[in-house]
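*Asks:* I am sharing structure-v6.tsv, which consists of TSV, C-alpha atoms:
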```tsv
chain	number	residue	atom	x	y	z
A	1	MET	CA	11.93	7.61	7.63
A	2	ALA	CA	14.50	6.68	10.18
A	3	SER	CA	17.15	4.50	8.74
A	4	ASP	CA	18.05	2.11	11.40
A	5	GLY	CA	21.55	0.90	10.78
A	6	GLY	CA	21.09	-0.84	14.05
A	7	VAL	CA	22.95	-3.83	15.06
A	8	SER	CA	21.30	-6.78	16.47
A	9	CYS	CA	23.13	-9.85	17.45
A	10	LEU	CA	19.84	-11.33	18.45
A	11	ARG	CA	18.55	-12.11	15.05
A	12	SER	CA	20.07	-15.13	13.53
A	13	SER	CA	19.09	-15.13	9.92
A	14	GLU	CA	20.66	-18.48	9.30
A	15	MET	CA	18.43	-20.31	11.69
A	16	PRO	CA	15.05	-21.13	10.31
A	17	ASN	CA	12.07	-21.70	12.49
A	18	VAL	CA	13.66	-20.28	15.55
A	19	GLY	CA	11.10	-19.52	18.09
A	20	ILE	CA	10.75	-22.12	20.72
A	21	GLY	CA	12.81	-20.28	23.25
A	22	GLY	CA	12.14	-16.93	21.67
A	23	MET	CA	15.24	-15.62	23.29
A	24	GLU	CA	17.19	-15.04	20.12
A	25	LEU	CA	14.50	-12.89	18.57
A	26	PRO	CA	13.74	-9.20	18.76
A	27	PRO	CA	10.91	-8.10	21.00
A	28	LEU	CA	7.58	-7.46	19.35
A	29	ASP	CA	7.87	-3.74	18.98
A	30	GLU	CA	11.21	-3.95	17.25
A	31	VAL	CA	10.13	-5.73	14.14
A	32	HIS	CA	11.99	-3.96	11.43
A	33	VAL	CA	10.64	-3.85	7.91
A	34	LEU	CA	12.46	-2.68	4.84
A	35	ALA	CA	9.99	-1.24	2.35
A	36	VAL	CA	10.97	-0.76	-1.28
A	37	ASP	CA	8.86	1.25	-3.71
A	38	ASP	CA	9.73	3.78	-6.37
A	39	SER	CA	6.50	5.68	-5.80
A	40	LEU	CA	6.72	8.26	-3.05
A	41	VAL	CA	2.99	8.16	-2.42
A	42	ASP	CA	3.09	4.42	-1.96
A	43	ARG	CA	6.14	4.62	0.28
A	44	ILE	CA	4.41	7.03	2.60
A	45	VAL	CA	1.30	4.89	2.75
A	46	ILE	CA	3.10	1.60	3.34
A	47	GLU	CA	5.27	3.24	5.93
A	48	ARG	CA	2.20	4.46	7.78
A	49	LEU	CA	0.55	1.06	7.57
A	50	LEU	CA	3.64	-0.58	8.98
A	51	ARG	CA	4.10	1.99	11.73
A	52	ILE	CA	0.50	1.54	12.80
A	53	THR	CA	1.19	-2.15	13.21
A	54	SER	CA	4.14	-1.33	15.44
A	55	CYS	CA	6.92	-1.99	13.00
A	56	LYS	CA	10.02	0.04	12.56
A	57	VAL	CA	10.31	1.00	8.93
A	58	THR	CA	13.08	1.87	6.57
A	59	ALA	CA	11.71	2.92	3.21
A	60	VAL	CA	13.83	3.12	0.09
A	61	ASP	CA	13.04	3.91	-3.49
A	62	SER	CA	14.90	1.21	-5.38
A	63	GLY	CA	16.12	-2.33	-5.29
A	64	TRP	CA	19.69	-1.10	-5.56
A	65	ARG	CA	19.31	1.04	-2.49
A	66	ALA	CA	17.80	-1.89	-0.65
A	67	LEU	CA	20.73	-4.12	-1.55
A	68	GLU	CA	23.10	-1.42	-0.50
A	69	LEU	CA	21.48	-1.21	2.93
A	70	LEU	CA	21.55	-4.95	3.26
A	71	GLY	CA	25.18	-5.03	2.36
A	72	LEU	CA	24.51	-7.16	-0.68
A	73	ASP	CA	25.62	-4.76	-3.33
A	74	ASN	CA	29.06	-6.26	-3.77
A	75	GLU	CA	30.69	-2.92	-3.69
A	76	LYS	CA	30.92	-2.43	-0.02
A	77	ALA	CA	32.59	-4.75	2.39
A	78	SER	CA	29.96	-6.90	3.97
A	79	VAL	CA	30.88	-6.48	7.53
A	80	GLU	CA	28.44	-8.44	9.60
A	81	LEU	CA	27.79	-5.72	12.10
A	82	GLN	CA	27.15	-3.06	9.53
A	83	ARG	CA	24.34	-4.85	7.84
A	84	LEU	CA	20.89	-3.56	8.39
A	85	LYS	CA	18.89	-5.95	10.47
A	86	VAL	CA	15.53	-6.65	8.93
A	87	ASP	CA	12.72	-8.95	9.84
A	88	MET	CA	10.79	-8.56	6.65
A	89	ILE	CA	11.19	-6.96	3.26
A	90	ILE	CA	8.20	-5.66	1.38
A	91	THR	CA	8.75	-4.55	-2.17
A	92	ASP	CA	6.85	-3.26	-5.15
A	93	TYR	CA	7.05	-5.47	-8.20
A	94	CYS	CA	7.18	-2.88	-11.00
A	95	MET	CA	10.15	-0.66	-10.45
A	96	PRO	CA	12.52	0.87	-12.94
A	97	GLY	CA	15.98	-0.61	-12.97
A	98	MET	CA	15.59	-3.57	-10.71
A	99	THR	CA	12.17	-5.13	-10.39
A	100	GLY	CA	10.84	-6.51	-7.15
A	101	TYR	CA	11.26	-9.97	-8.58
A	102	GLU	CA	14.92	-9.39	-9.25
A	103	LEU	CA	15.37	-8.02	-5.78
A	104	LEU	CA	13.62	-11.07	-4.38
A	105	LYS	CA	16.00	-13.33	-6.25
A	106	LYS	CA	19.05	-11.52	-4.99
A	107	ILE	CA	17.83	-11.70	-1.43
A	108	LYS	CA	17.07	-15.39	-1.70
A	109	GLU	CA	20.50	-15.98	-3.17
A	110	SER	CA	22.23	-14.40	-0.22
A	111	SER	CA	23.21	-16.55	2.69
A	112	SER	CA	22.56	-13.87	5.23
A	113	PHE	CA	19.13	-12.78	4.15
A	114	ARG	CA	17.50	-15.71	2.45
A	115	GLN	CA	15.49	-16.49	5.55
A	116	VAL	CA	14.01	-13.02	5.69
A	117	PRO	CA	10.44	-13.10	4.44
A	118	VAL	CA	9.98	-11.06	1.28
A	119	VAL	CA	6.54	-9.80	0.35
A	120	ILE	CA	5.78	-8.55	-3.14
A	121	MET	CA	3.23	-5.82	-3.86
A	122	SER	CA	1.73	-5.23	-7.24
A	123	SER	CA	-1.15	-3.33	-8.70
A	124	GLU	CA	-1.61	-6.05	-11.26
A	125	ASN	CA	-3.14	-9.36	-10.42
A	126	VAL	CA	-1.24	-11.44	-12.92
A	127	LEU	CA	-1.24	-15.11	-12.04
A	128	THR	CA	2.01	-15.91	-13.78
A	129	ARG	CA	3.64	-13.08	-11.91
A	130	ILE	CA	2.31	-14.27	-8.59
A	131	ASP	CA	3.38	-17.83	-9.32
A	132	ARG	CA	6.83	-16.76	-10.30
A	133	CYS	CA	7.33	-14.77	-7.15
A	134	LEU	CA	6.04	-17.47	-4.87
A	135	GLU	CA	8.21	-20.04	-6.60
A	136	GLU	CA	11.19	-17.84	-6.08
A	137	GLY	CA	10.46	-17.85	-2.37
A	138	ALA	CA	8.28	-14.81	-1.80
A	139	GLU	CA	6.40	-15.03	1.42
A	140	ASP	CA	3.29	-13.40	0.11
A	141	PHE	CA	1.93	-11.34	-2.72
A	142	LEU	CA	-0.18	-8.30	-1.94
A	143	LEU	CA	-2.41	-6.59	-4.43
A	144	LYS	CA	-2.21	-2.81	-4.38
A	145	PRO	CA	-3.61	-0.68	-2.98
A	146	VAL	CA	-2.41	-2.32	0.18
A	147	LYS	CA	-4.75	-2.17	3.10
A	148	LEU	CA	-4.23	-2.15	6.81
A	149	ALA	CA	-5.79	-5.59	7.04
A	150	ASP	CA	-3.12	-6.94	4.68
A	151	VAL	CA	-0.30	-5.49	6.74
A	152	LYS	CA	-1.81	-6.65	9.99
A	153	ARG	CA	-1.95	-10.15	8.66
A	154	LEU	CA	1.70	-10.01	7.67
A	155	ARG	CA	2.53	-8.64	11.05
A	156	ASN	CA	0.71	-11.42	12.78
A	157	CYS	CA	2.67	-13.93	10.76
A	158	LEU	CA	5.89	-12.39	11.90
A	159	THR	CA	4.95	-12.74	15.52
A	160	GLY	CA	4.30	-16.39	15.09
A	161	ASP	CA	0.59	-16.18	15.59
A	162	VAL	CA	0.26	-17.89	12.30
A	163	LYS	CA	1.04	-21.12	14.06
A	164	LEU	CA	-2.21	-20.96	15.92
A	165	SER	CA	-4.48	-21.04	12.95
A	166	ASN	CA	-2.47	-20.78	9.80
A	167	GLY	CA	-4.56	-23.23	7.89
A	168	ASN	CA	-7.71	-21.28	8.49
A	169	LYS	CA	-6.04	-18.01	7.93
A	170	ARG	CA	-5.18	-18.80	4.39
A	171	LYS	CA	-8.73	-19.67	3.55
A	172	LEU	CA	-10.28	-16.50	4.83
A	173	PRO	CA	-12.05	-14.48	2.15
A	174	GLU	CA	-9.79	-11.54	2.77
A	175	ASP	CA	-6.89	-13.64	1.69
A	176	SER	CA	-8.17	-13.38	-1.80
A	177	VAL	CA	-6.90	-9.88	-1.60
A	178	THR	CA	-3.37	-11.06	-1.55
A	179	VAL	CA	-3.13	-14.37	-3.31
A	180	ASN	CA	-5.35	-15.84	-5.91
A	181	ALA	CA	-7.74	-18.17	-4.22
A	182	SER	CA	-6.79	-21.03	-6.43
A	183	LEU	CA	-3.22	-21.03	-5.27
A	184	PRO	CA	-2.28	-23.23	-2.38
A	185	PRO	CA	-0.93	-21.40	0.62
A	186	PRO	CA	2.79	-20.90	0.30
A	187	PRO	CA	4.45	-23.49	2.49
A	188	ALA	CA	6.98	-20.97	3.70
A	189	LEU	CA	4.27	-19.11	5.54
A	190	THR	CA	3.51	-21.95	7.81
A	191	THR	CA	7.09	-22.49	8.78
A	192	LEU	CA	7.67	-18.90	9.57
A	193	SER	CA	7.48	-19.14	13.29
A	194	THR	CA	9.50	-16.43	14.83
A	195	ASP	CA	8.59	-15.41	18.27
A	196	SER	CA	6.47	-18.17	19.60
A	197	SER	CA	6.82	-16.97	23.12
A	198	ASP	CA	4.44	-14.21	22.29
A	199	SER	CA	0.91	-15.40	22.18
A	200	SER	CA	-0.80	-12.08	22.61
A	201	SER	CA	-1.73	-9.57	19.97
A	202	PRO	CA	0.43	-6.54	19.44
A	203	PRO	CA	-0.68	-3.56	21.53
A	204	LEU	CA	-3.38	-1.49	19.89
A	205	SER	CA	-2.23	1.77	18.49
A	206	PRO	CA	-4.70	4.64	18.60
A	207	VAL	CA	-5.73	4.29	15.03
A	208	GLU	CA	-6.66	0.69	15.54
A	209	VAL	CA	-9.74	1.87	17.33
A	210	PHE	CA	-11.05	2.43	13.83
A	211	SER	CA	-10.73	-1.19	12.98
A	212	SER	CA	-12.37	-4.20	14.41
A	213	PRO	CA	-10.57	-5.75	17.37
A	214	LEU	CA	-7.21	-7.02	16.40
A	215	SER	CA	-7.36	-10.72	16.63
A	216	SER	CA	-4.62	-13.11	15.94
A	217	ARG	CA	-6.96	-16.01	16.01
A	218	GLU	CA	-8.53	-17.59	13.03
A	219	ASP	CA	-11.43	-15.19	12.84
A	220	ASP	CA	-8.94	-12.60	11.95
A	221	ASP	CA	-11.12	-10.30	10.00
A	222	ASP	CA	-9.66	-7.01	10.98
A	223	VAL	CA	-11.44	-5.24	8.29
A	224	LEU	CA	-12.03	-1.63	9.03
A	225	THR	CA	-15.58	-1.58	10.21
A	226	SER	CA	-16.01	2.00	9.25
A	227	SER	CA	-14.94	1.49	5.71
A	228	PRO	CA	-17.06	-0.62	3.49
A	229	GLU	CA	-15.27	-2.48	0.80
A	230	GLY	CA	-16.25	-1.28	-2.59
A	231	SER	CA	-17.24	-3.79	-5.16
A	232	PRO	CA	-14.43	-4.71	-7.46
A	233	THR	CA	-14.27	-2.72	-10.63
A	234	PRO	CA	-14.47	-4.69	-13.82
A	235	GLU	CA	-10.92	-3.85	-14.82
A	236	GLU	CA	-9.55	-5.30	-11.66
A	237	SER	CA	-9.38	-8.97	-11.02
A	238	PRO	CA	-12.66	-10.38	-9.87
A	239	VAL	CA	-10.71	-12.59	-7.52
A	240	ARG	CA	-10.00	-9.66	-5.35
A	241	ARG	CA	-12.19	-8.70	-2.49
A	242	GLN	CA	-14.83	-11.34	-2.36
A	243	LYS	CA	-15.78	-10.43	1.12
A	244	MET	CA	-18.03	-7.69	2.33
A	245	GLY	CA	-20.23	-7.07	-0.60
A	246	SER	CA	-21.37	-3.78	0.80
A	247	PRO	CA	-22.98	-1.56	-1.76
A	248	GLY	CA	-20.27	0.69	-2.94
A	249	LEU	CA	-20.99	4.10	-4.18
A	250	ASP	CA	-19.76	3.31	-7.64
B	1	MET	CA	-24.91	23.30	21.12
B	2	ASP	CA	-23.31	25.42	18.52
B	3	SER	CA	-25.69	25.35	15.61
B	4	LEU	CA	-23.13	26.69	13.18
B	5	ALA	CA	-20.87	23.76	13.89
B	6	ALA	CA	-23.76	21.36	13.56
B	7	GLN	CA	-24.77	22.90	10.27
B	8	LEU	CA	-21.26	22.74	8.95
B	9	GLN	CA	-20.96	19.14	10.05
B	10	MET	CA	-24.08	18.24	8.16
B	11	GLN	CA	-22.91	20.03	5.05
B	12	TYR	CA	-19.56	18.33	5.37
B	13	ARG	CA	-21.17	14.93	5.60
B	14	ASN	CA	-23.24	15.60	2.52
B	15	TYR	CA	-20.25	16.88	0.69
B	16	ILE	CA	-18.16	13.83	1.43
B	17	LEU	CA	-21.01	11.54	0.47
B	18	SER	CA	-21.41	13.34	-2.82
B	19	LEU	CA	-17.73	12.92	-3.60
B	20	TYR	CA	-18.12	9.18	-3.23
B	21	GLN	CA	-21.41	9.08	-5.04
B	22	GLN	CA	-20.07	11.00	-7.98
B	23	GLY	CA	-17.15	8.61	-8.21
B	24	PHE	CA	-14.39	11.00	-7.26
B	25	LEU	CA	-13.31	8.83	-4.38
B	26	ASP	CA	-13.40	5.16	-3.56
B	27	ASP	CA	-12.88	3.02	-0.50
B	28	GLN	CA	-9.14	3.42	-0.59
B	29	PHE	CA	-9.70	7.05	0.39
B	30	THR	CA	-11.71	5.83	3.33
B	31	GLU	CA	-8.83	3.56	4.20
B	32	LEU	CA	-6.43	6.49	4.15
B	33	LYS	CA	-8.66	8.51	6.41
B	34	SER	CA	-8.75	5.67	8.86
B	35	LEU	CA	-4.97	5.73	9.07
B	36	GLN	CA	-5.05	9.26	10.37
B	37	ASP	CA	-5.23	9.88	14.08
B	38	ASP	CA	-4.42	12.50	16.65
B	39	GLY	CA	-0.80	11.51	16.45
B	40	SER	CA	-0.75	11.97	12.68
B	41	PRO	CA	-3.49	14.51	12.06
B	42	ASP	CA	-2.13	15.61	8.70
B	43	PHE	CA	-1.53	12.23	7.19
B	44	VAL	CA	-4.24	12.45	4.56
B	45	ALA	CA	-3.29	15.97	3.58
B	46	GLU	CA	0.33	14.94	3.29
B	47	VAL	CA	-0.38	11.97	1.09
B	48	LEU	CA	-2.74	13.93	-1.12
B	49	SER	CA	-0.23	16.69	-1.48
B	50	LEU	CA	2.36	14.19	-2.70
B	51	PHE	CA	-0.20	12.69	-5.00
B	52	PHE	CA	-0.97	15.98	-6.66
B	53	ASP	CA	2.75	16.69	-7.00
B	54	ASP	CA	2.96	13.34	-8.75
B	55	CYS	CA	0.11	14.34	-11.04
B	56	VAL	CA	1.87	17.49	-12.12
B	57	LYS	CA	5.12	15.66	-12.76
B	58	LEU	CA	3.63	12.68	-14.55
B	59	VAL	CA	1.21	14.66	-16.69
B	60	GLY	CA	4.19	16.77	-17.68
B	61	ASN	CA	6.11	13.63	-18.64
B	62	MET	CA	3.22	12.34	-20.68
B	63	ALA	CA	2.78	15.65	-22.47
B	64	ARG	CA	6.45	15.77	-23.34
B	65	ALA	CA	6.47	12.20	-24.52
B	66	LEU	CA	3.45	12.83	-26.72
B	67	ASP	CA	4.90	16.00	-28.07
B	68	GLN	CA	7.69	14.35	-29.98
B	69	THR	CA	7.64	15.45	-33.57
B	70	GLY	CA	8.36	12.21	-35.26
B	71	THR	CA	7.75	8.93	-33.55
B	72	VAL	CA	6.11	8.98	-30.19
B	73	ASP	CA	7.48	6.51	-27.70
B	74	PHE	CA	4.23	5.08	-26.40
B	75	SER	CA	5.99	2.87	-23.93
B	76	GLN	CA	7.41	5.96	-22.34
B	77	VAL	CA	3.97	7.51	-22.12
B	78	GLY	CA	2.66	4.22	-20.80
B	79	ALA	CA	5.28	4.10	-18.07
B	80	SER	CA	4.13	7.45	-16.70
B	81	VAL	CA	0.49	6.43	-17.02
B	82	HIS	CA	1.25	3.28	-15.04
B	83	GLN	CA	2.81	5.30	-12.26
B	84	LEU	CA	-0.13	7.66	-12.13
B	85	LYS	CA	-2.53	4.77	-12.09
B	86	ASP	CA	-0.71	3.32	-9.10
B	87	SER	CA	-0.63	6.60	-7.19
B	88	SER	CA	-4.26	7.37	-7.86
B	89	SER	CA	-5.18	3.89	-6.81
B	90	SER	CA	-3.27	4.28	-3.57
B	91	VAL	CA	-5.11	7.44	-2.56
B	92	GLY	CA	-8.56	6.46	-3.75
B	93	ALA	CA	-8.72	8.91	-6.63
B	94	LYS	CA	-11.23	6.80	-8.48
B	95	ARG	CA	-11.86	8.85	-11.58
B	96	VAL	CA	-8.22	9.57	-12.19
B	97	LYS	CA	-7.44	5.89	-11.83
B	98	GLY	CA	-10.21	4.96	-14.25
B	99	LEU	CA	-8.88	7.37	-16.81
B	100	CYS	CA	-5.40	5.95	-16.41
B	101	ILE	CA	-6.68	2.48	-17.15
B	102	THR	CA	-8.22	3.73	-20.38
B	103	PHE	CA	-5.11	5.73	-21.13
B	104	LYS	CA	-2.94	2.67	-20.73
B	105	GLU	CA	-4.99	0.79	-23.30
B	106	LEU	CA	-4.68	3.69	-25.70
B	107	CYS	CA	-0.91	3.65	-25.28
B	108	GLU	CA	-0.80	-0.04	-25.97
B	109	ALA	CA	-2.87	0.53	-29.08
B	110	LYS	CA	-0.54	3.39	-30.00
B	111	ASN	CA	-3.58	5.56	-30.54
B	112	TYR	CA	-2.09	9.02	-30.71
B	113	GLU	CA	-5.30	11.03	-30.95
B	114	GLY	CA	-6.84	9.00	-28.19
B	115	CYS	CA	-3.82	9.51	-25.97
B	116	VAL	CA	-3.82	13.24	-26.47
B	117	ARG	CA	-7.51	13.45	-25.63
B	118	CYS	CA	-7.12	11.22	-22.64
B	119	LEU	CA	-4.24	13.25	-21.35
B	120	GLN	CA	-6.40	16.36	-21.46
B	121	GLN	CA	-9.06	14.55	-19.50
B	122	VAL	CA	-6.56	13.37	-16.92
B	123	ASP	CA	-5.33	16.90	-16.53
B	124	ILE	CA	-8.83	18.24	-15.96
B	125	GLU	CA	-9.75	15.38	-13.68
B	126	TYR	CA	-6.91	15.64	-11.23
B	127	LYS	CA	-7.33	19.39	-11.01
B	128	THR	CA	-11.04	18.99	-10.37
B	129	LEU	CA	-10.32	16.48	-7.62
B	130	LYS	CA	-7.76	18.75	-6.11
B	131	ALA	CA	-10.27	21.59	-5.92
B	132	LYS	CA	-12.87	19.31	-4.38
B	133	LEU	CA	-10.47	18.08	-1.74
B	134	LEU	CA	-9.31	21.57	-0.93
B	135	ASP	CA	-12.95	22.40	-0.29
B	136	MET	CA	-13.17	19.38	1.94
B	137	PHE	CA	-10.18	20.48	3.99
B	138	MET	CA	-11.61	23.96	4.22
B	139	PHE	CA	-14.85	22.54	5.54
B	140	GLU	CA	-12.89	20.70	8.18
B	141	LYS	CA	-11.11	23.82	9.19
B	142	GLN	CA	-14.38	25.74	9.46
B	143	ILE	CA	-15.92	23.05	11.59
B	144	VAL	CA	-12.99	23.13	13.99
B	145	GLN	CA	-13.08	26.90	14.10
B	146	ALA	CA	-16.76	26.77	14.91
B	147	GLY	CA	-15.94	24.57	17.83
B	148	GLY	CA	-17.08	21.31	16.35
B	149	ILE	CA	-15.25	18.10	15.62
B	150	ILE	CA	-14.85	16.70	12.16
B	151	PRO	CA	-17.41	13.96	11.77
B	152	GLN	CA	-16.51	10.53	10.57
B	153	VAL	CA	-18.61	9.96	7.55
B	154	ASP	CA	-20.10	6.55	7.12
B	155	ILE	CA	-20.37	6.12	3.41
B	156	ASN	CA	-22.64	3.14	3.54
```
Since I need it in another form, could you write the structure as structure tokens?

*Replies:*
Amino acid sequence: MASDGGVSCLRSSEMPNVGIGGMELPPLDEVHVLAVDDSLVDRIVIERLLRITSCKVTAVDSGWRALELLGLDNEKASVELQRLKVDMIITDYCMPGMTGYELLKKIKESSSFRQVPVVIMSSENVLTRIDRCLEEGAEDFLLKPVKLADVKRLRNCLTGDVKLSNGNKRKLPEDSVTVNASLPPPPALTTLSTDSSDSSSPPLSPVEVFSSPLSSREDDDDVLTSSPEGSPTPEESPVRRQKMGSPGLD
Amino acid sequence: MDSLAAQLQMQYRNYILSLYQQGFLDDQFTELKSLQDDGSPDFVAEVLSLFFDDCVKLVGNMARALDQTGTVDFSQVGASVHQLKDSSSSVGAKRVKGLCITFKELCEAKNYEGCVRCLQQVDIEYKTLKAKLLDMFMFEKQIVQAGGIIPQVDIN
């Protein structure tokens, strides 16, 4: 887990919707994601998912550590150049000490990082929880276990492909994985246009041969063709996974 | 054609299928396997290894929390159960996850006897899964040694 304390003068967090020129933004393969999860297993998995989608990843085990890296912990001098540059933060909701929600709030309260999209992950599909997070400015809410398709979708949003077909994207069945179908798409998602100069999909990494062709268009169903989706278990939310009713081996 | 490799491949396929059919694994395990490639050939083994470390640690926590003479702090037990539920969910350990869901309800109901029984089941279950997966990895090794490649099993 390389910790990239890298400096980038290119990213201007204070400027929303930058993307027309695309010159201020990092190239595609330098999207840097900060992942926060107290579970080591989950950190390894999310890191792998992000790496497969060509992101650089820094994974930490607590909200406090995340704030420290971002220079928001009030204890260290917030020197502009020493702050970690991140393009997205993805955090677990249930964590001891500081929850993902609390971390989200702190990030949204900061002037330097409030524009950074924050995605919440949770194993529990609790509507009030989802609502609260989205209201606080979360970009998206992913239900655990997180799948490659979920991360790819996030990744596509970061590259601005969302502008091409964002309306349709939100209505795709697979989106029920992340947000309850009855919720309207978070408005923030549609304004998140980063690198609009890139209209092509990220380069395929070897493992993506396993999945259906990566498409950033509206038929973005990069569901792993070799892995059938199991039918939702009764304990889990029935909202989840309404696609691909392949007969599971339950 | 090396018939030993072919035989092993067939046995391997059947073995994997049986693990799914018997409910040991679910589609999240398939997902994990798909994240492995030549560049990260040990990804699944690495994640599973961490998972089983987690099991040992968390089961230990639960046992200690339930062993309090006096009042048992069920929320403490529940916290460990929640973590195990998450981990097992992330690796596709279906039976372990199912047990954790039951276990969580028992904690919420502060059902001491039920919790103790459930903990024993969790302990047995993760160890059983571990043995099964070790067999799976051994199969893979044998296939490679016999000159074959590890088949991708379509669990449809």

*Asks:* For each of A:Val86, A:Leu67, A:Val60, A:Cys55, take the minimum atom-to-atom distance to Leu154 of chain A, counting only C-alpha atoms, then give the residue where this is smallest.

*Replies:*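 When distances to Leu154 of chain A are compared using only C-alpha atoms, the smallest one comes from A:Cys55.
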
*Asks:* Between B:Met62, B:Cys100, B:Leu4, B:Ile149, which one has atoms that come closest to chain A, using all atoms listed in the file?

*Replies:*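 Ranked by minimum distance to chain A, first place goes to B:Cys100.
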
*Asks:* Please, what distance in Å, to one decimal, runs between atom CA of Glu30 of chain A and atom CA of Asp150 of chain A?

*Replies:*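 We find that atom CA of Glu30 of chain A and atom CA of Asp150 of chain A lie 19.3 Å from each other.
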
*Asks:* State, in Å with one decimal place, the distance from atom CA of Ser123 of chain A to atom CA of Val45 of chain A.

*Replies:*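 For atom CA of Ser123 of chain A relative to atom CA of Val45 of chain A, the distance reads 14.3 Å.
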
*Asks:* Residues near His82 of chain B, anyone? I mean within 10 Å using all atoms listed in the file, not counting same-chain ones fewer than 2 positions away, as a ChimeraX atom specification.

*Replies:* /A:94,123 /B:58,76-80,84-88,97,100-101,103-104

*Asks:* To one decimal place in Å, what is the distance between atom CA of Gly92 of chain B and atom CA of Phe139 of chain B?

*Replies:*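 For atom CA of Gly92 of chain B relative to atom CA of Phe139 of chain B, the distance reads 19.6 Å.
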